[in-house]
$ cat data-v8.pdb   # PDB, C-alpha atoms, pLDDT in the B column
MODEL        1
ATOM      1  CA  MET A   1     -28.797  -0.106 -11.235  1.00 70.00           C
ATOM      2  CA  PRO A   2     -32.538   0.456 -11.753  1.00 76.00           C
ATOM      3  CA  PHE A   3     -33.618  -0.761  -8.311  1.00 77.00           C
ATOM      4  CA  HIS A   4     -31.149   1.494  -6.523  1.00 76.00           C
ATOM      5  CA  PHE A   5     -32.090   4.412  -8.774  1.00 77.00           C
ATOM      6  CA  ARG A   6     -35.800   4.128  -7.975  1.00 77.00           C
ATOM      7  CA  LEU A   7     -35.218   3.528  -4.292  1.00 81.00           C
ATOM      8  CA  LEU A   8     -32.678   6.286  -3.654  1.00 79.00           C
ATOM      9  CA  GLY A   9     -33.345   8.867  -6.387  1.00 81.00           C
ATOM     10  CA  LYS A  10     -31.092  10.581  -8.908  1.00 78.00           C
ATOM     11  CA  ASP A  11     -29.232  12.820  -6.497  1.00 76.00           C
ATOM     12  CA  ARG A  12     -28.212  10.063  -4.079  1.00 79.00           C
ATOM     13  CA  MET A  13     -27.210   7.735  -6.902  1.00 81.00           C
ATOM     14  CA  ALA A  14     -25.108  10.519  -8.448  1.00 79.00           C
ATOM     15  CA  LEU A  15     -23.391  10.974  -5.086  1.00 78.00           C
ATOM     16  CA  PHE A  16     -22.853   7.206  -4.795  1.00 78.00           C
ATOM     17  CA  SER A  17     -21.314   7.057  -8.281  1.00 79.00           C
ATOM     18  CA  PHE A  18     -19.096  10.044  -7.517  1.00 77.00           C
ATOM     19  CA  ILE A  19     -17.798   8.536  -4.266  1.00 77.00           C
ATOM     20  CA  HIS A  20     -17.239   5.145  -5.944  1.00 76.00           C
ATOM     21  CA  SER A  21     -15.224   6.883  -8.654  1.00 76.00           C
ATOM     22  CA  LEU A  22     -13.126   8.659  -6.017  1.00 75.00           C
ATOM     23  CA  ASN A  23     -12.479   5.394  -4.182  1.00 73.00           C
ATOM     24  CA  THR A  24     -11.169   3.704  -7.313  1.00 74.00           C
ATOM     25  CA  SER A  25      -8.995   6.634  -8.400  1.00 77.00           C
ATOM     26  CA  PHE A  26      -7.621   7.829  -5.047  1.00 79.00           C
ATOM     27  CA  GLY A  27      -4.710   5.370  -5.138  1.00 73.00           C
ATOM     28  CA  THR A  28      -2.943   6.405  -8.329  1.00 78.00           C
ATOM     29  CA  SER A  29      -4.444   9.885  -8.696  1.00 86.00           C
ATOM     30  CA  ILE A  30      -4.058  11.157  -5.139  1.00 90.00           C
ATOM     31  CA  PHE A  31      -2.380   8.845  -2.630  1.00 93.00           C
ATOM     32  CA  GLU A  32       0.671   8.011  -4.767  1.00 94.00           C
ATOM     33  CA  PRO A  33       1.602  11.558  -5.885  1.00 94.00           C
ATOM     34  CA  VAL A  34       0.912  12.948  -2.405  1.00 95.00           C
ATOM     35  CA  ALA A  35       3.106  10.209  -0.892  1.00 97.00           C
ATOM     36  CA  VAL A  36       5.923  11.036  -3.315  1.00 97.00           C
ATOM     37  CA  ALA A  37       5.698  14.775  -2.590  1.00 96.00           C
ATOM     38  CA  LEU A  38       5.672  14.149   1.152  1.00 96.00           C
ATOM     39  CA  ALA A  39       8.548  11.633   1.053  1.00 98.00           C
ATOM     40  CA  LYS A  40      10.730  14.076  -0.863  1.00 97.00           C
ATOM     41  CA  THR A  41      10.705  16.359   2.198  1.00 95.00           C
ATOM     42  CA  SER A  42      12.394  13.664   4.315  1.00 95.00           C
ATOM     43  CA  PHE A  43      14.136  11.223   1.968  1.00 98.00           C
ATOM     44  CA  ALA A  44      16.852  11.495  -0.658  1.00 98.00           C
ATOM     45  CA  TYR A  45      14.696  10.034  -3.425  1.00 98.00           C
ATOM     46  CA  ALA A  46      11.072   9.093  -4.033  1.00 98.00           C
ATOM     47  CA  GLU A  47       9.014   7.933  -6.998  1.00 97.00           C
ATOM     48  CA  SER A  48       5.729   6.187  -7.734  1.00 96.00           C
ATOM     49  CA  GLN A  49       5.192   3.112  -9.913  1.00 96.00           C
ATOM     50  CA  HIS A  50       8.776   1.960  -9.446  1.00 97.00           C
ATOM     51  CA  MET A  51       9.889  -1.070 -11.462  1.00 97.00           C
ATOM     52  CA  PRO A  52      12.165  -3.049  -9.105  1.00 97.00           C
ATOM     53  CA  GLY A  53      13.769  -5.135 -11.849  1.00 96.00           C
ATOM     54  CA  ASN A  54      13.108  -8.529 -13.368  1.00 95.00           C
ATOM     55  CA  GLN A  55      15.919 -10.900 -12.370  1.00 97.00           C
ATOM     56  CA  ILE A  56      15.765 -13.280  -9.442  1.00 97.00           C
ATOM     57  CA  SER A  57      18.048 -16.161  -8.539  1.00 97.00           C
ATOM     58  CA  GLU A  58      16.712 -19.687  -8.699  1.00 97.00           C
ATOM     59  CA  SER A  59      17.889 -20.295  -5.143  1.00 97.00           C
ATOM     60  CA  ALA A  60      16.031 -17.204  -3.922  1.00 98.00           C
ATOM     61  CA  GLN A  61      12.841 -18.502  -5.524  1.00 97.00           C
ATOM     62  CA  VAL A  62      13.266 -21.765  -3.631  1.00 97.00           C
ATOM     63  CA  ALA A  63      13.874 -19.861  -0.382  1.00 97.00           C
ATOM     64  CA  ILE A  64      10.734 -17.768  -0.936  1.00 97.00           C
ATOM     65  CA  GLN A  65       8.648 -20.870  -1.610  1.00 96.00           C
ATOM     66  CA  ASN A  66       9.943 -22.458   1.614  1.00 96.00           C
ATOM     67  CA  ILE A  67       9.035 -19.305   3.548  1.00 95.00           C
ATOM     68  CA  MET A  68       5.533 -19.282   2.046  1.00 93.00           C
ATOM     69  CA  ASN A  69       5.063 -22.988   2.812  1.00 92.00           C
ATOM     70  CA  ASN A  70       6.029 -22.448   6.460  1.00 91.00           C
ATOM     71  CA  LEU A  71       3.685 -19.485   6.802  1.00 89.00           C
ATOM     72  CA  SER A  72       0.799 -21.306   5.116  1.00 84.00           C
ATOM     73  CA  THR A  73       1.089 -24.241   7.502  1.00 83.00           C
ATOM     74  CA  ALA A  74       1.810 -21.998  10.505  1.00 79.00           C
ATOM     75  CA  SER A  75       4.856 -24.137  11.220  1.00 73.00           C
ATOM     76  CA  LYS A  76       6.973 -21.037  11.816  1.00 78.00           C
ATOM     77  CA  ASP A  77       6.220 -17.551  13.134  1.00 84.00           C
ATOM     78  CA  VAL A  78       6.569 -14.751  10.618  1.00 91.00           C
ATOM     79  CA  ASN A  79       9.835 -12.826  10.974  1.00 95.00           C
ATOM     80  CA  LYS A  80      10.666 -10.484   8.105  1.00 97.00           C
ATOM     81  CA  ILE A  81      14.226  -9.774   9.232  1.00 97.00           C
ATOM     82  CA  GLU A  82      15.043 -13.505   9.205  1.00 97.00           C
ATOM     83  CA  GLU A  83      13.266 -13.923   5.864  1.00 97.00           C
ATOM     84  CA  ILE A  84      15.350 -11.182   4.256  1.00 98.00           C
ATOM     85  CA  GLU A  85      18.581 -12.727   5.530  1.00 98.00           C
ATOM     86  CA  LYS A  86      17.589 -16.127   4.123  1.00 97.00           C
ATOM     87  CA  ILE A  87      16.998 -14.509   0.750  1.00 98.00           C
ATOM     88  CA  ARG A  88      20.197 -12.455   0.985  1.00 98.00           C
ATOM     89  CA  ALA A  89      22.254 -15.630   1.548  1.00 98.00           C
ATOM     90  CA  VAL A  90      21.146 -17.046  -1.817  1.00 97.00           C
ATOM     91  CA  CYS A  91      20.288 -13.898  -3.773  1.00 97.00           C
ATOM     92  CA  GLN A  92      22.960 -14.549  -6.408  1.00 96.00           C
ATOM     93  CA  LYS A  93      23.174 -18.351  -6.263  1.00 96.00           C
ATOM     94  CA  GLY A  94      22.054 -20.554  -9.116  1.00 93.00           C
ATOM     95  CA  ALA A  95      20.655 -19.479 -12.451  1.00 96.00           C
ATOM     96  CA  MET A  96      19.231 -15.980 -12.745  1.00 97.00           C
ATOM     97  CA  ASN A  97      15.622 -16.241 -13.887  1.00 97.00           C
ATOM     98  CA  ILE A  98      13.389 -13.594 -15.419  1.00 97.00           C
ATOM     99  CA  LEU A  99      10.475 -12.721 -13.151  1.00 95.00           C
ATOM    100  CA  VAL A 100       7.677 -10.394 -14.155  1.00 92.00           C
ATOM    101  CA  THR A 101       6.418  -8.679 -11.017  1.00 95.00           C
ATOM    102  CA  VAL A 102       4.183  -5.714 -10.265  1.00 95.00           C
ATOM    103  CA  ASN A 103       5.566  -2.228  -9.830  1.00 97.00           C
ATOM    104  CA  ALA A 104       5.970  -0.809  -6.337  1.00 97.00           C
ATOM    105  CA  ASP A 105       3.371   1.913  -5.817  1.00 96.00           C
ATOM    106  CA  LEU A 106       5.969   3.921  -3.893  1.00 97.00           C
ATOM    107  CA  PHE A 107       9.763   3.642  -3.782  1.00 98.00           C
ATOM    108  CA  ILE A 108      11.851   5.757  -1.447  1.00 98.00           C
ATOM    109  CA  GLN A 109      15.536   5.788  -0.549  1.00 98.00           C
ATOM    110  CA  ASP A 110      17.166   7.519   2.384  1.00 97.00           C
ATOM    111  CA  ALA A 111      20.497   9.325   2.463  1.00 97.00           C
ATOM    112  CA  LYS A 112      22.311   6.134   3.511  1.00 96.00           C
ATOM    113  CA  GLY A 113      20.889   4.141   0.602  1.00 97.00           C
ATOM    114  CA  ALA A 114      18.256   2.127   2.499  1.00 98.00           C
ATOM    115  CA  MET A 115      15.365   1.277   0.177  1.00 98.00           C
ATOM    116  CA  TYR A 116      11.656   1.094   0.987  1.00 98.00           C
ATOM    117  CA  LEU A 117       9.143  -0.346  -1.484  1.00 98.00           C
ATOM    118  CA  PHE A 118       5.461   0.068  -0.676  1.00 98.00           C
ATOM    119  CA  ASP A 119       2.404  -1.750  -1.972  1.00 95.00           C
ATOM    120  CA  ILE A 120      -0.423   0.731  -1.295  1.00 93.00           C
ATOM    121  CA  LYS A 121      -3.667  -1.143  -0.688  1.00 88.00           C
ATOM    122  CA  THR A 122      -7.304  -0.179  -0.331  1.00 75.00           C
ATOM    123  CA  VAL A 123      -8.482   0.281   3.236  1.00 69.00           C
ATOM    124  CA  LYS A 124     -10.127  -3.129   3.442  1.00 70.00           C
ATOM    125  CA  PRO A 125      -8.012  -5.438   1.267  1.00 68.00           C
ATOM    126  CA  ASN A 126      -9.122  -8.978   0.615  1.00 69.00           C
ATOM    127  CA  ILE A 127      -7.545 -11.025   3.392  1.00 65.00           C
ATOM    128  CA  SER A 128      -7.324 -14.128   1.207  1.00 68.00           C
ATOM    129  CA  GLY A 129      -5.171 -12.122  -1.217  1.00 76.00           C
ATOM    130  CA  PHE A 130      -2.493 -11.394   1.344  1.00 81.00           C
ATOM    131  CA  LYS A 131      -0.626 -14.569   0.431  1.00 86.00           C
ATOM    132  CA  ASP A 132      -0.010 -13.037  -2.982  1.00 89.00           C
ATOM    133  CA  HIS A 133       0.905  -9.690  -1.418  1.00 91.00           C
ATOM    134  CA  LYS A 134       3.390 -11.388   0.923  1.00 94.00           C
ATOM    135  CA  ARG A 135       5.019 -13.247  -1.965  1.00 95.00           C
ATOM    136  CA  THR A 136       5.340  -9.976  -3.878  1.00 96.00           C
ATOM    137  CA  LEU A 137       7.088  -8.328  -0.917  1.00 97.00           C
ATOM    138  CA  LEU A 138       9.570 -11.204  -0.720  1.00 98.00           C
ATOM    139  CA  GLU A 139      10.176 -11.219  -4.473  1.00 98.00           C
ATOM    140  CA  TRP A 140      10.914  -7.473  -4.421  1.00 98.00           C
ATOM    141  CA  CYS A 141      13.543  -8.178  -1.756  1.00 98.00           C
ATOM    142  CA  ALA A 142      15.118 -10.949  -3.849  1.00 98.00           C
ATOM    143  CA  ILE A 143      15.198  -8.832  -7.017  1.00 98.00           C
ATOM    144  CA  LYS A 144      16.813  -5.851  -5.274  1.00 98.00           C
ATOM    145  CA  LEU A 145      19.316  -8.035  -3.409  1.00 98.00           C
ATOM    146  CA  ALA A 146      20.295  -9.771  -6.661  1.00 97.00           C
ATOM    147  CA  GLN A 147      21.342  -6.310  -7.868  1.00 97.00           C
ATOM    148  CA  SER A 148      23.016  -5.308  -4.607  1.00 97.00           C
ATOM    149  CA  PRO A 149      23.480  -8.145  -2.055  1.00 97.00           C
ATOM    150  CA  LYS A 150      24.483  -5.852   0.818  1.00 97.00           C
ATOM    151  CA  ALA A 151      21.611  -3.409   0.387  1.00 97.00           C
ATOM    152  CA  GLU A 152      19.291  -2.512   3.247  1.00 98.00           C
ATOM    153  CA  ILE A 153      15.852  -3.348   1.910  1.00 98.00           C
ATOM    154  CA  HIS A 154      12.348  -2.937   3.347  1.00 98.00           C
ATOM    155  CA  THR A 155       9.172  -4.008   1.562  1.00 98.00           C
ATOM    156  CA  LEU A 156       5.831  -3.091   3.082  1.00 97.00           C
ATOM    157  CA  VAL A 157       2.084  -2.836   2.640  1.00 94.00           C
ATOM    158  CA  ALA A 158       0.639   0.633   3.267  1.00 95.00           C
ATOM    159  CA  ILE A 159      -3.027   1.329   4.022  1.00 92.00           C
ATOM    160  CA  PRO A 160      -3.650   5.101   3.714  1.00 93.00           C
ATOM    161  CA  TYR A 161      -6.351   5.436   6.361  1.00 91.00           C
ATOM    162  CA  ASN A 162      -8.109   3.445   9.052  1.00 89.00           C
ATOM    163  CA  PRO A 163     -11.761   2.708   8.195  1.00 82.00           C
ATOM    164  CA  TYR A 164     -12.394   1.636  11.784  1.00 84.00           C
ATOM    165  CA  GLU A 165     -11.548   4.972  13.413  1.00 85.00           C
ATOM    166  CA  PRO A 166     -11.817   5.880  16.225  1.00 84.00           C
ATOM    167  CA  GLY A 167     -11.194   2.185  16.925  1.00 84.00           C
ATOM    168  CA  PRO A 168      -7.878   0.522  16.043  1.00 83.00           C
ATOM    169  CA  TYR A 169      -7.247  -1.087  12.670  1.00 82.00           C
ATOM    170  CA  GLN A 170      -8.047  -4.811  12.861  1.00 77.00           C
ATOM    171  CA  ARG A 171      -4.472  -5.978  12.370  1.00 71.00           C
ATOM    172  CA  TRP A 172      -5.132  -9.415  13.835  1.00 67.00           C
ATOM    173  CA  THR A 173      -6.657 -10.493  10.526  1.00 66.00           C
ATOM    174  CA  LEU A 174      -3.217 -10.137   8.903  1.00 74.00           C
ATOM    175  CA  LYS A 175      -1.237 -11.742  11.713  1.00 75.00           C
ATOM    176  CA  GLY A 176       0.591 -14.884  10.667  1.00 81.00           C
ATOM    177  CA  MET A 177       1.190 -13.822   7.072  1.00 87.00           C
ATOM    178  CA  LEU A 178       2.665 -10.336   7.581  1.00 91.00           C
ATOM    179  CA  ASP A 179       5.255  -9.309  10.152  1.00 93.00           C
ATOM    180  CA  LEU A 180       3.106  -6.407  11.329  1.00 91.00           C
ATOM    181  CA  PRO A 181       5.845  -4.117  12.754  1.00 93.00           C
ATOM    182  CA  GLN A 182       8.082  -4.716   9.716  1.00 95.00           C
ATOM    183  CA  GLU A 183       5.585  -5.009   6.861  1.00 95.00           C
ATOM    184  CA  LEU A 184       2.513  -2.889   7.582  1.00 94.00           C
ATOM    185  CA  LYS A 185       1.912   0.828   8.017  1.00 95.00           C
ATOM    186  CA  VAL A 186      -1.617   2.131   8.463  1.00 93.00           C
ATOM    187  CA  ALA A 187      -2.878   5.722   8.313  1.00 94.00           C
ATOM    188  CA  GLU A 188      -0.819   7.941  10.647  1.00 95.00           C
ATOM    189  CA  GLU A 189       2.079   5.437  10.737  1.00 96.00           C
ATOM    190  CA  PHE A 190       2.404   5.633   6.964  1.00 97.00           C
ATOM    191  CA  TRP A 191       2.099   9.384   6.411  1.00 97.00           C
ATOM    192  CA  ASP A 192       4.186  10.341   9.446  1.00 98.00           C
ATOM    193  CA  PHE A 193       6.890   7.897   8.314  1.00 98.00           C
ATOM    194  CA  LEU A 194       7.044   9.690   4.968  1.00 98.00           C
ATOM    195  CA  GLY A 195       6.916  13.286   6.159  1.00 96.00           C
ATOM    196  CA  GLY A 196       7.644  13.295   9.884  1.00 96.00           C
ATOM    197  CA  ASN A 197       5.448  13.618  12.969  1.00 96.00           C
ATOM    198  CA  GLY A 198       2.212  15.479  12.396  1.00 96.00           C
ATOM    199  CA  SER A 199       2.130  14.880   8.636  1.00 96.00           C
ATOM    200  CA  TYR A 200      -1.062  12.807   8.757  1.00 96.00           C
ATOM    201  CA  GLU A 201      -3.049  15.436  10.657  1.00 95.00           C
ATOM    202  CA  GLU A 202      -1.742  18.235   8.445  1.00 96.00           C
ATOM    203  CA  LEU A 203      -2.653  16.225   5.348  1.00 95.00           C
ATOM    204  CA  LEU A 204      -6.217  15.793   6.638  1.00 94.00           C
ATOM    205  CA  ASN A 205      -6.355  19.547   7.288  1.00 95.00           C
ATOM    206  CA  CYS A 206      -5.243  20.195   3.696  1.00 94.00           C
ATOM    207  CA  PHE A 207      -8.030  17.994   2.339  1.00 91.00           C
ATOM    208  CA  GLU A 208     -10.536  19.749   4.584  1.00 94.00           C
ATOM    209  CA  ARG A 209      -9.441  23.188   3.362  1.00 95.00           C
ATOM    210  CA  VAL A 210      -9.722  22.081  -0.271  1.00 92.00           C
ATOM    211  CA  GLY A 211     -13.154  20.612   0.453  1.00 89.00           C
ATOM    212  CA  ILE A 212     -14.338  23.931   1.887  1.00 93.00           C
ATOM    213  CA  GLU A 213     -13.025  25.801  -1.166  1.00 94.00           C
ATOM    214  CA  LEU A 214     -14.784  23.427  -3.556  1.00 90.00           C
ATOM    215  CA  ARG A 215     -18.029  23.026  -1.614  1.00 89.00           C
ATOM    216  CA  ASP A 216     -20.075  25.454  -3.728  1.00 90.00           C
ATOM    217  CA  GLU A 217     -18.799  23.824  -6.924  1.00 88.00           C
ATOM    218  CA  VAL A 218     -19.632  20.339  -5.652  1.00 81.00           C
ATOM    219  CA  ASP A 219     -23.095  21.430  -4.449  1.00 81.00           C
ATOM    220  CA  SER A 220     -23.770  23.008  -7.832  1.00 83.00           C
ATOM    221  CA  TYR A 221     -22.784  19.798  -9.606  1.00 76.00           C
ATOM    222  CA  PHE A 222     -25.083  17.610  -7.525  1.00 73.00           C
ATOM    223  CA  GLY A 223     -27.879  20.153  -7.758  1.00 75.00           C
ATOM    224  CA  LYS A 224     -28.430  18.990 -11.337  1.00 74.00           C
ATOM    225  CA  PHE A 225     -29.578  15.590 -10.128  1.00 68.00           C
ATOM    226  CA  LYS A 226     -32.219  16.648  -7.636  1.00 65.00           C
ATOM    227  CA  THR A 227     -35.659  15.268  -8.445  1.00 54.00           C
TER     228      THR A 227
ENDMDL
END
$ encode --input "data-v8.pdb" --output "structure tokens"
Amino acid sequence: MPFHFRLLGKDRMALFSFIHSLNTSFGTSIFEPVAVALAKTSFAYAESQHMPGNQISESAQVAIQNIMNNLSTASKDVNKIEEIEKIRAVCQKGAMNILVTVNADLFIQDAKGAMYLFDIKTVKPNISGFKDHKRTLLEWCAIKLAQSPKAEIHTLVAIPYNPYEPGPYQRWTLKGMLDLPQELKVAEEFWDFLGGNGSYEELLNCFERVGIELRDEVDSYFGKFKT
């Protein structure tokens, strides 16, 4: 990036590269293991990069396509509870097909057996990609219900923090494709769901304390790049 380098200088470009690296690695390196550790304080089981399975009924695939068609044409309001019941009704009907899907970034199960599968997204996900995200959430439901038709299943998108603070997260951009109360948890909603009330603020305090401890080390590192 020669133009940026000459405009901003070595030290600022080093800082930019460092922050960019953090942004790309925070999901798997920090958010996922922290989420697992926090969930284990409140739930019976938690793991990251959970493989939900690979079998889905042909009838469930048809049901999911019908749901997606209705949402795409706005002919029906999004209702995740109804969608799950439609899939449940046909989860073992017809041929069982092999479906290769993505792993859930976070899987947790409570003491009663209710399952929660999370797709952890960057803070400003591509809105046009939410059709694919929605389909993934529905397919996870169908795969899990094919294994256990009576299971309580929740599939959600999690966004670890709100880039618009102190303003609210702009949820309206996702309205119509996601059932916001049932399928989206942002910042405090997500972390407090995993660890109980106050978890989000305590987590921020932990990061601040670590930042203070490492400040001299970080300053020393960036000192090498000063012109």
$ atom_distance --input "data-v8.pdb" --atom1 "CA of Phe16 in chain A" --atom2 "CA of Tyr221 in chain A"
13.5 Å
$ closest_residue --input "data-v8.pdb" --among "A:Met1, A:Val157, A:Ala63, A:Met177" --to "Val90 in chain A" --atoms "all atoms listed in the file"
A:Ala63
$ closest_residue --input "data-v8.pdb" --among "A:Lys144, A:Phe222, A:Ala114, A:Asp192" --to "Arg12 in chain A" --atoms "all atoms listed in the file"
A:Phe222
$ closest_residue --input "data-v8.pdb" --among "A:Asp11, A:Ala89, A:Val218, A:Ser17" --to "Ala146 in chain A" --atoms "all atoms listed in the file"
A:Ala89
$ residues_around --input "data-v8.pdb" --residues "Glu139 in chain A" --least-positions-apart "2" --cutoff "12 Å" --atoms "all atoms listed in the file" --output "ChimeraX atom specification"
/A:52-65,67-68,83-84,87-88,91,97-104,117,132-137,141-146,153-156
$ resolve_selection --input "data-v8.pdb" --expression "the PyMOL selection byres ((chain A and resi 176) around 7)" --output "list in words"
Leu71, Asp77, Val78, Leu174, Lys175, Met177 and Leu178 of chain A
$ atom_distance --input "data-v8.pdb" --atom1 "CA of His20 in chain A" --atom2 "CA of Lys121 in chain A"
15.9 Å
$ atom_distance --input "data-v8.pdb" --atom1 "CA of Met13 in chain A" --atom2 "CA of Asp216 in chain A"
19.4 Å
$ decode --input "data-v8.pdb" --residues "range 74-94 of chain A" --atoms "N, CA, C and O atoms" --output "mmCIF file, in the first residue's frame"
data_model
loop_
_atom_site.group_PDB
_atom_site.id
_atom_site.type_symbol
_atom_site.label_atom_id
_atom_site.label_comp_id
_atom_site.auth_asym_id
_atom_site.auth_seq_id
_atom_site.Cartn_x
_atom_site.Cartn_y
_atom_site.Cartn_z
ATOM 1 N N ALA A 74 -41.435 -11.250 0.192
ATOM 2 C CA ALA A 74 -42.146 -10.527 1.256
ATOM 3 C C ALA A 74 -43.623 -10.863 1.284
ATOM 4 O O ALA A 74 -44.461 -10.053 1.689
ATOM 5 N N SER A 75 -43.952 -12.082 0.855
ATOM 6 C CA SER A 75 -45.359 -12.495 0.842
ATOM 7 C C SER A 75 -45.814 -12.990 2.210
ATOM 8 O O SER A 75 -47.006 -13.189 2.429
ATOM 9 N N LYS A 76 -44.862 -13.184 3.113
ATOM 10 C CA LYS A 76 -45.199 -13.642 4.462
ATOM 11 C C LYS A 76 -44.202 -13.067 5.450
ATOM 12 O O LYS A 76 -43.006 -12.994 5.164
ATOM 13 N N ASP A 77 -44.694 -12.620 6.614
ATOM 14 C CA ASP A 77 -43.811 -12.103 7.650
ATOM 15 C C ASP A 77 -42.952 -13.227 8.213
ATOM 16 O O ASP A 77 -43.400 -14.373 8.334
ATOM 17 N N VAL A 78 -41.732 -12.878 8.590
ATOM 18 C CA VAL A 78 -40.824 -13.875 9.145
ATOM 19 C C VAL A 78 -41.298 -14.280 10.542
ATOM 20 O O VAL A 78 -41.660 -13.429 11.357
ATOM 21 N N ASN A 79 -41.324 -15.580 10.787
ATOM 22 C CA ASN A 79 -41.736 -16.101 12.097
ATOM 23 C C ASN A 79 -40.967 -17.398 12.324
ATOM 24 O O ASN A 79 -41.346 -18.450 11.812
ATOM 25 N N LYS A 80 -39.897 -17.335 13.091
ATOM 26 C CA LYS A 80 -39.014 -18.486 13.241
ATOM 27 C C LYS A 80 -39.708 -19.664 13.914
ATOM 28 O O LYS A 80 -39.453 -20.823 13.552
ATOM 29 N N ILE A 81 -40.562 -19.399 14.875
ATOM 30 C CA ILE A 81 -41.242 -20.490 15.579
ATOM 31 C C ILE A 81 -42.103 -21.288 14.596
ATOM 32 O O ILE A 81 -42.080 -22.524 14.587
ATOM 33 N N GLU A 82 -42.836 -20.580 13.734
ATOM 34 C CA GLU A 82 -43.651 -21.265 12.718
ATOM 35 C C GLU A 82 -42.762 -22.016 11.733
ATOM 36 O O GLU A 82 -43.085 -23.134 11.304
ATOM 37 N N GLU A 83 -41.646 -21.398 11.354
ATOM 38 C CA GLU A 83 -40.731 -22.034 10.399
ATOM 39 C C GLU A 83 -40.189 -23.352 10.943
ATOM 40 O O GLU A 83 -40.126 -24.363 10.224
ATOM 41 N N ILE A 84 -39.820 -23.347 12.219
ATOM 42 C CA ILE A 84 -39.286 -24.569 12.833
ATOM 43 C C ILE A 84 -40.348 -25.663 12.847
ATOM 44 O O ILE A 84 -40.052 -26.831 12.566
ATOM 45 N N GLU A 85 -41.584 -25.293 13.156
ATOM 46 C CA GLU A 85 -42.647 -26.303 13.208
ATOM 47 C C GLU A 85 -42.949 -26.877 11.827
ATOM 48 O O GLU A 85 -43.262 -28.064 11.693
ATOM 49 N N LYS A 86 -42.838 -26.043 10.798
ATOM 50 C CA LYS A 86 -43.018 -26.551 9.423
ATOM 51 C C LYS A 86 -41.934 -27.566 9.086
ATOM 52 O O LYS A 86 -42.199 -28.592 8.458
ATOM 53 N N ILE A 87 -40.721 -27.266 9.497
ATOM 54 C CA ILE A 87 -39.607 -28.184 9.240
ATOM 55 C C ILE A 87 -39.753 -29.437 10.087
ATOM 56 O O ILE A 87 -39.531 -30.555 9.609
ATOM 57 N N ARG A 88 -40.166 -29.280 11.335
ATOM 58 C CA ARG A 88 -40.333 -30.430 12.229
ATOM 59 C C ARG A 88 -41.345 -31.429 11.652
ATOM 60 O O ARG A 88 -41.155 -32.645 11.762
ATOM 61 N N ALA A 89 -42.407 -30.902 11.045
ATOM 62 C CA ALA A 89 -43.484 -31.767 10.521
ATOM 63 C C ALA A 89 -43.000 -32.680 9.405
ATOM 64 O O ALA A 89 -43.609 -33.728 9.152
ATOM 65 N N VAL A 90 -41.912 -32.297 8.738
ATOM 66 C CA VAL A 90 -41.433 -33.102 7.594
ATOM 67 C C VAL A 90 -39.965 -33.519 7.748
ATOM 68 O O VAL A 90 -39.349 -33.968 6.792
ATOM 69 N N CYS A 91 -39.440 -33.398 8.954
ATOM 70 C CA CYS A 91 -38.000 -33.575 9.164
ATOM 71 C C CYS A 91 -37.497 -34.991 8.867
ATOM 72 O O CYS A 91 -36.293 -35.198 8.652
ATOM 73 N N GLN A 92 -38.414 -35.963 8.851
ATOM 74 C CA GLN A 92 -38.000 -37.333 8.545
ATOM 75 C C GLN A 92 -38.805 -37.933 7.399
ATOM 76 O O GLN A 92 -38.823 -39.144 7.223
ATOM 77 N N LYS A 93 -39.436 -37.067 6.596
ATOM 78 C CA LYS A 93 -40.246 -37.537 5.473
ATOM 79 C C LYS A 93 -39.450 -37.492 4.176
ATOM 80 O O LYS A 93 -38.701 -36.556 3.928
ATOM 81 N N GLY A 94 -39.645 -38.511 3.358
ATOM 82 C CA GLY A 94 -38.949 -38.563 2.079
ATOM 83 C C GLY A 94 -37.540 -39.101 2.229
ATOM 84 O O GLY A 94 -37.111 -39.516 3.310
#
